$ cat data.pdb   # PDB, C-alpha atoms
MODEL        1
ATOM      1  CA  MET A 667      91.336  27.335  46.794
ATOM      2  CA  THR A 668      92.490  26.411  50.285
ATOM      3  CA  GLY A 669      94.267  29.615  51.175
ATOM      4  CA  ASP A 670      97.698  28.018  50.781
ATOM      5  CA  ALA A 671      98.516  29.950  47.609
ATOM      6  CA  VAL A 672     101.571  32.173  47.941
ATOM      7  CA  THR A 673     101.311  35.628  46.461
ATOM      8  CA  ALA A 674     104.280  37.750  45.534
ATOM      9  CA  ARG A 675     104.853  40.607  47.908
ATOM     10  CA  PRO A 676     104.589  43.937  46.079
ATOM     11  CA  LEU A 677     107.556  46.108  45.094
ATOM     12  CA  SER A 678     107.023  49.569  43.691
ATOM     13  CA  ILE A 679     109.631  51.154  41.423
ATOM     14  CA  ASP A 680     109.397  54.838  40.539
ATOM     15  CA  ILE A 681     111.979  56.496  38.295
ATOM     16  CA  THR A 682     112.484  60.238  37.968
ATOM     17  CA  VAL A 683     115.311  62.588  37.015
ATOM     18  CA  GLU A 684     116.453  65.156  39.566
ATOM     19  CA  ARG A 685     119.405  67.487  39.072
ATOM     20  CA  ARG A 686     120.729  65.361  36.174
ATOM     21  CA  CYS A 687     120.605  62.163  38.254
ATOM     22  CA  ILE A 688     118.310  59.210  37.778
ATOM     23  CA  VAL A 689     116.436  58.688  41.037
ATOM     24  CA  LEU A 690     115.136  55.173  41.499
ATOM     25  CA  ARG A 691     112.662  54.977  44.402
ATOM     26  CA  LEU A 692     111.815  51.527  45.725
ATOM     27  CA  GLY A 693     108.949  50.689  48.038
ATOM     28  CA  GLY A 694     107.502  47.543  49.538
ATOM     29  CA  HIS A 695     109.330  44.247  49.616
ATOM     30  CA  LEU A 696     112.764  43.787  48.067
ATOM     31  CA  VAL A 697     112.682  40.000  48.043
ATOM     32  CA  THR A 698     113.490  37.066  45.782
ATOM     33  CA  ASP A 699     110.190  37.238  43.858
ATOM     34  CA  ASN A 700     110.781  40.886  42.902
ATOM     35  CA  VAL A 701     114.482  40.772  42.012
ATOM     36  CA  PRO A 702     113.977  39.967  38.291
ATOM     37  CA  ARG A 703     111.861  43.110  37.873
ATOM     38  CA  LEU A 704     114.444  45.277  39.659
ATOM     39  CA  ASN A 705     117.240  43.691  37.608
ATOM     40  CA  ARG A 706     115.461  44.570  34.362
ATOM     41  CA  TRP A 707     115.350  48.242  35.359
ATOM     42  CA  LEU A 708     118.966  48.278  36.526
ATOM     43  CA  ASP A 709     120.035  46.630  33.267
ATOM     44  CA  ARG A 710     118.156  49.284  31.262
ATOM     45  CA  ILE A 711     119.791  52.064  33.251
ATOM     46  CA  GLY A 712     123.204  50.421  32.860
ATOM     47  CA  ARG A 713     122.795  50.421  29.068
ATOM     48  CA  LEU A 714     122.240  54.186  28.863
ATOM     49  CA  GLU A 715     125.003  56.038  27.072
ATOM     50  CA  GLY A 716     127.374  58.324  28.931
ATOM     51  CA  ARG A 717     128.210  58.542  32.596
ATOM     52  CA  VAL A 718     124.937  57.750  34.350
ATOM     53  CA  LEU A 719     124.476  58.993  37.915
ATOM     54  CA  VAL A 720     121.915  57.057  39.959
ATOM     55  CA  ALA A 721     120.533  57.780  43.419
ATOM     56  CA  MET A 722     118.502  54.846  44.706
ATOM     57  CA  ASP A 723     115.995  55.796  47.409
ATOM     58  CA  LEU A 724     115.248  52.828  49.664
ATOM     59  CA  GLN A 725     113.127  54.714  52.199
ATOM     60  CA  GLY A 726     109.967  52.861  51.191
ATOM     61  CA  VAL A 727     111.475  49.365  51.497
ATOM     62  CA  ILE A 728     109.721  47.578  54.350
ATOM     63  CA  GLY A 729     110.934  44.045  53.726
ATOM     64  CA  CYS A 730     114.158  42.657  52.330
ATOM     65  CA  ASP A 731     115.965  39.367  52.014
ATOM     66  CA  SER A 732     119.527  38.411  51.124
ATOM     67  CA  VAL A 733     118.618  38.016  47.437
ATOM     68  CA  GLY A 734     117.249  41.573  47.439
ATOM     69  CA  VAL A 735     120.463  42.923  48.984
ATOM     70  CA  GLY A 736     122.454  40.964  46.416
ATOM     71  CA  ALA A 737     120.413  42.563  43.626
ATOM     72  CA  LEU A 738     121.239  46.058  44.942
ATOM     73  CA  ILE A 739     124.945  45.270  45.105
ATOM     74  CA  ASP A 740     125.012  43.543  41.708
ATOM     75  CA  GLY A 741     123.028  46.369  40.101
ATOM     76  CA  ALA A 742     125.403  48.994  41.467
ATOM     77  CA  GLY A 743     128.322  46.953  40.110
ATOM     78  CA  ARG A 744     126.749  46.648  36.653
ATOM     79  CA  ILE A 745     126.153  50.397  36.496
ATOM     80  CA  ARG A 746     129.724  51.077  37.671
ATOM     81  CA  ARG A 747     131.207  48.692  35.070
ATOM     82  CA  ALA A 748     129.195  50.526  32.396
ATOM     83  CA  GLY A 749     130.820  53.811  33.485
ATOM     84  CA  GLY A 750     128.080  55.090  35.776
ATOM     85  CA  PHE A 751     127.746  55.494  39.520
ATOM     86  CA  LEU A 752     125.062  54.514  42.033
ATOM     87  CA  ILE A 753     124.617  55.632  45.630
ATOM     88  CA  ALA A 754     121.772  54.338  47.788
ATOM     89  CA  ALA A 755     119.893  56.491  50.295
ATOM     90  CA  HIS A 756     117.801  55.625  53.352
ATOM     91  CA  TYR A 757     119.348  52.134  53.588
ATOM     92  CA  PRO A 758     116.646  50.356  55.635
ATOM     93  CA  ASP A 759     117.144  48.194  58.697
ATOM     94  CA  ALA A 760     115.350  45.434  56.787
ATOM     95  CA  CYS A 761     118.310  45.332  54.367
ATOM     96  CA  ALA A 762     121.036  46.089  56.905
ATOM     97  CA  ALA A 763     120.309  42.752  58.580
ATOM     98  CA  PHE A 764     122.039  41.029  55.648
ATOM     99  CA  PRO A 765     125.766  41.161  54.880
ATOM    100  CA  GLY A 766     127.095  43.059  51.921
ATOM    101  CA  GLN A 767     126.176  46.671  52.727
ATOM    102  CA  ALA A 768     129.868  47.610  52.805
ATOM    103  CA  VAL A 769     130.143  47.239  49.023
ATOM    104  CA  LEU A 770     127.159  49.528  48.403
ATOM    105  CA  GLU A 771     127.728  53.275  48.746
ATOM    106  CA  THR A 772     125.016  54.676  51.030
ATOM    107  CA  ARG A 773     124.022  58.128  52.283
ATOM    108  CA  PRO A 774     121.299  59.229  54.723
ATOM    109  CA  THR A 775     119.096  61.007  52.153
ATOM    110  CA  VAL A 776     118.540  61.174  48.402
ATOM    111  CA  GLN A 777     119.737  64.780  48.354
ATOM    112  CA  ASP A 778     122.970  63.702  50.105
ATOM    113  CA  ALA A 779     123.420  60.991  47.468
ATOM    114  CA  ILE A 780     122.807  63.425  44.598
ATOM    115  CA  ASP A 781     125.183  65.988  46.125
ATOM    116  CA  GLU A 782     127.863  63.319  46.494
ATOM    117  CA  LEU A 783     127.390  62.132  42.914
ATOM    118  CA  HIS A 784     127.799  65.694  41.648
ATOM    119  CA  ASP A 785     130.838  66.288  43.894
ATOM    120  CA  TRP A 786     132.539  63.159  42.529
ATOM    121  CA  HIS A 787     131.476  63.655  38.943
ATOM    122  CA  PRO A 788     130.649  67.291  38.143
TER     123      PRO A 788
ENDMDL
END

$ encode --input "data.pdb" --output "structure tokens"
Amino acid sequence: MTGDAVTARPLSIDITVERRCIVLRLGGHLVTDNVPRLNRWLDRIGRLEGRVLVAMDLQGVIGCDSVGVGALIDGAGRIRRAGGFLIAAHYPDACAAFPGQAVLETRPTVQDAIDELHDWHP
């Protein structure tokens, strides 16, 4: 091995339920290599029955590319079309460098996102 091998940059995904909201915490690199894994989770959440409320915590994201931002926006749209709602929290500078943030609801903290979800949809 010459050292030229490319390894996928890690992405952690942690899912919990807080105050009747699904909280999806991402950490690491939200990049092209990791988008299929994130999409699988967002698809699963989008298939849940009833009005699903999702707060996505991006505080741990340290790297992002345009494909990663697209996955966030597309995932939020899929959840919305299925009757749910998604608000992101701690939108990182790494993601803000790419266009498209305007179509993703964001709040400063996860608790702000959860409060907003409950205010909109008690």

$ atom_distance --input "data.pdb" --atom1 "CA of Leu783 (chain A)" --atom2 "CA of Arg685 (chain A)"
10.4 Å

$ resolve_selection --input "data.pdb" --expression "the PyMOL selection byres ((chain A and resi 759) around 9)" --output "list of chain:residue names"
A:Ile728, A:Gly729, A:Cys730, A:Tyr757, A:Pro758, A:Ala760, A:Cys761, A:Ala762, A:Ala763

$ residues_near_point --input "data.pdb" --point "(118.5, 51.1, 32.4)" --cutoff "12 Å" --atoms "all atoms listed in the file" --output "tab-separated table (two decimals) with C-alpha atoms, in the coordinates of the input"
chain	number	residue	atom	x	y	z
A	681	ILE	CA	111.98	56.50	38.30
A	688	ILE	CA	118.31	59.21	37.78
A	689	VAL	CA	116.44	58.69	41.04
A	690	LEU	CA	115.14	55.17	41.50
A	703	ARG	CA	111.86	43.11	37.87
A	704	LEU	CA	114.44	45.28	39.66
A	705	ASN	CA	117.24	43.69	37.61
A	706	ARG	CA	115.46	44.57	34.36
A	707	TRP	CA	115.35	48.24	35.36
A	708	LEU	CA	118.97	48.28	36.53
A	709	ASP	CA	120.04	46.63	33.27
A	710	ARG	CA	118.16	49.28	31.26
A	711	ILE	CA	119.79	52.06	33.25
A	712	GLY	CA	123.20	50.42	32.86
A	713	ARG	CA	122.80	50.42	29.07
A	714	LEU	CA	122.24	54.19	28.86
A	715	GLU	CA	125.00	56.04	27.07
A	716	GLY	CA	127.37	58.32	28.93
A	718	VAL	CA	124.94	57.75	34.35
A	719	LEU	CA	124.48	58.99	37.92
A	720	VAL	CA	121.92	57.06	39.96
A	741	GLY	CA	123.03	46.37	40.10
A	742	ALA	CA	125.40	48.99	41.47
A	744	ARG	CA	126.75	46.65	36.65
A	745	ILE	CA	126.15	50.40	36.50
A	748	ALA	CA	129.20	50.53	32.40
A	750	GLY	CA	128.08	55.09	35.78

$ resolve_selection --input "data.pdb" --expression "the PyMOL selection byres ((chain A and resi 692) around 8)" --output "compact mmCIF listing (two decimals) with C-alpha atoms, in the frame of the given file"
# COMPACT_ATOMS: atom_id res chain seq x y z
CA LEU A 677 107.56 46.11 45.09
CA SER A 678 107.02 49.57 43.69
CA ILE A 679 109.63 51.15 41.42
CA ASP A 680 109.40 54.84 40.54
CA LEU A 690 115.14 55.17 41.50
CA ARG A 691 112.66 54.98 44.40
CA GLY A 693 108.95 50.69 48.04
CA GLY A 694 107.50 47.54 49.54
CA MET A 722 118.50 54.85 44.71
CA ASP A 723 116.00 55.80 47.41
CA LEU A 724 115.25 52.83 49.66
CA GLN A 725 113.13 54.71 52.20
CA GLY A 726 109.97 52.86 51.19
CA VAL A 727 111.48 49.36 51.50

$ closest_residue --input "data.pdb" --among "A:Val683, A:Ala737, A:Val701, A:Leu752" --to "His787 (chain A)" --atoms "all atoms listed in the file"
A:Leu752

$ closest_residue --input "data.pdb" --among "A:Pro702, A:Asp731, A:Thr682, A:Asp740" --to "Phe764 (chain A)" --atoms "only C-alpha atoms"
A:Asp731

$ atom_distance --input "data.pdb" --atom1 "CA of Ala754 (chain A)" --atom2 "CA of Leu696 (chain A)"
13.9 Å

$ atom_distance --input "data.pdb" --atom1 "CA of His695 (chain A)" --atom2 "CA of Arg717 (chain A)"
29.2 Å

$ closest_residue --input "data.pdb" --among "A:Val733, A:Val697, A:Ala755, A:Arg675" --to "Asp781 (chain A)" --atoms "all atoms listed in the file"
A:Ala755

$ residues_around --input "data.pdb" --residues "Arg773 (chain A)" --least-positions-apart "3" --cutoff "9 Å" --atoms "all atoms listed in the file" --output "ChimeraX atom specification"
/A:753-757,776-779,782

$ closest_residue --input "data.pdb" --among "A:Ala721, A:Gly743, A:Ser732, A:Cys687" --to "Thr775 (chain A)" --atoms "only C-alpha atoms"
A:Ala721
